[in-house]
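Colleague: Questions regarding the structure given below will be posed in turn.
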Amino acid sequence: MIFVCYSHADETWRDELFTMASPLEKAGKRFFADRNIVAGAEWRSSIQNALDRTAVAVLLVSRHFLKSKFIMERELPYFLSARNSRGLAVVWVLVSECVWEETPIESIQAALPTDRPLEALSVASKNKALKDLCGQIDRAWKASENPKLNVAYEGKKVQQMMD
């Protein structure tokens with residue numbers, strides 16, 4: 001699953017990303033954002049279930065994103081922990097100018113150059129940037145599908161565990 005993390009103040013950017021990424025969805029990649037939570041569902045458990053199944057986290061970073069208590073105290077720490085513990089791919093993009101350098105994402109390479117956030121781009125440049133972002137998401141998804149070899153075994157045969 002590809003989890004898109006954003007502030008509700010940036011819904012327009014979420015919609016722009018989902019529009020550009022629609023061919024990826026049609027090709028079988030499953031995206032999740034809180035808009036996928038159905039009425040009557042327990043939203044916290046729905047989000048936690050999605051987090052636990054996430055292979056790629058996409059962060060739409062803005063001043064609103066950084067101000068969100070839920071993102072900064074729940075989602076971002078989860079993504080960073082999963083990145084270290086299970087190799088979760090974290091793909092982030094700068095939506096608007098903000099002080100991202102003073103946050104834990106500072107140490108993670110952005111998917112796009114941070115010198116000009118998405119909101120500062122012309123329509124054509126924005127579409128190109130979103131297309132490039134989708135390419136990075138797709139590559140991260142494909143990389144998550146390939147099993148990692150345990151180099152500690154150094155090519156030795158190991159007994160297969162049976163259920």
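Here's how to read the names in the structure tokens: chain A, B, ... by the order shown, residue numbers from 1 in each chain, ligand numbers from 1 in the order shown.
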Please identify the alpha helix (DSSP H) residues within chain A (assignment by DSSP from backbone atoms) and present them as a PyMOL selection string.

Modeller: chain A and resi 11-20+22-26+43-52+63-67+69-70+76-86+123-145

Colleague: Using 10 Å as the limit and counting only C-alpha atoms, can you tabulate each residue of stretch 20-123 of chain A that touches stretch 127-147 of chain A, with its shortest atom-to-atom distance in Å and the two atoms involved, as a Markdown table?

Modeller:
```
| residue | atom | partner | partner_atom | distance |
| --- | --- | --- | --- | --- |
| A:Met20 | CA | A:Lys131 | CA | 6.5 |
| A:Ala21 | CA | A:Cys134 | CA | 6.0 |
| A:Ser22 | CA | A:Cys134 | CA | 9.6 |
| A:Pro23 | CA | A:Cys134 | CA | 9.6 |
| A:Leu24 | CA | A:Asp138 | CA | 7.4 |
| A:Lys29 | CA | A:Trp141 | CA | 8.0 |
| A:Thr54 | CA | A:Trp141 | CA | 10.0 |
| A:Ala55 | CA | A:Ser144 | CA | 6.3 |
| A:Val56 | CA | A:Trp141 | CA | 6.3 |
| A:Ala57 | CA | A:Ile137 | CA | 8.7 |
| A:Val58 | CA | A:Ile137 | CA | 7.7 |
| A:Gly87 | CA | A:Ser144 | CA | 8.3 |
| A:Leu88 | CA | A:Ser144 | CA | 7.9 |
| A:Ala89 | CA | A:Ala140 | CA | 6.3 |
| A:Val90 | CA | A:Ala140 | CA | 8.5 |
| A:Val91 | CA | A:Ile137 | CA | 7.0 |
| A:Trp92 | CA | A:Leu133 | CA | 8.8 |
| A:Val93 | CA | A:Leu133 | CA | 7.9 |
| A:Ala110 | CA | A:Leu133 | CA | 10.0 |
| A:Ala111 | CA | A:Leu133 | CA | 6.4 |
| A:Leu112 | CA | A:Leu133 | CA | 7.1 |
| A:Pro113 | CA | A:Ala129 | CA | 9.4 |
| A:Pro117 | CA | A:Ala129 | CA | 9.8 |
| A:Leu118 | CA | A:Ala129 | CA | 7.5 |
| A:Leu121 | CA | A:Ala129 | CA | 8.8 |
| A:Ser122 | CA | A:Asn127 | CA | 8.5 |
| A:Val123 | CA | A:Asn127 | CA | 6.2 |
```

Colleague: What does the file look like for those residues with C-alpha atoms, as a CSV table (one decimal), in the first residue's frame?

Modeller:
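Everything below was put into out.csv:
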```
chain,number,residue,atom,x,y,z
A,20,MET,CA,-1.6,12.2,-11.7
A,21,ALA,CA,-1.2,8.8,-10.1
A,22,SER,CA,-4.4,7.3,-11.5
A,23,PRO,CA,-2.5,5.2,-14.0
A,24,LEU,CA,-0.5,3.7,-11.2
A,29,LYS,CA,-0.9,0.0,-6.9
A,54,THR,CA,2.3,0.5,4.0
A,55,ALA,CA,5.2,-0.2,1.7
A,56,VAL,CA,5.7,3.4,0.6
A,57,ALA,CA,4.9,6.5,2.5
A,58,VAL,CA,4.4,9.7,0.5
A,87,GLY,CA,12.8,-0.6,5.2
A,88,LEU,CA,9.7,1.4,4.6
A,89,ALA,CA,10.3,3.8,1.7
A,90,VAL,CA,9.6,7.4,2.6
A,91,VAL,CA,9.1,9.7,-0.4
A,92,TRP,CA,8.5,13.3,0.4
A,93,VAL,CA,7.9,16.5,-1.5
A,110,ALA,CA,13.4,14.8,-0.9
A,111,ALA,CA,11.9,13.3,-4.1
A,112,LEU,CA,12.1,16.7,-5.8
A,113,PRO,CA,14.4,19.7,-5.4
A,117,PRO,CA,8.1,24.1,-3.6
A,118,LEU,CA,5.2,22.8,-5.8
A,121,LEU,CA,5.8,26.2,-10.0
A,122,SER,CA,4.0,27.1,-13.2
A,123,VAL,CA,1.2,24.7,-14.2
```

Colleague: Return as a PyMOL selection string the full set of residues in chain A whose backbone-based DSSP assignment is strand (DSSP E or B).

Modeller: chain A and resi 2-5+31-32+56-61+89-94

Colleague: Would you work out the distance separating atom CA of A:Ser85 from atom CA of A:His8, expressed in Å to one decimal?

Modeller: 28.4 Å
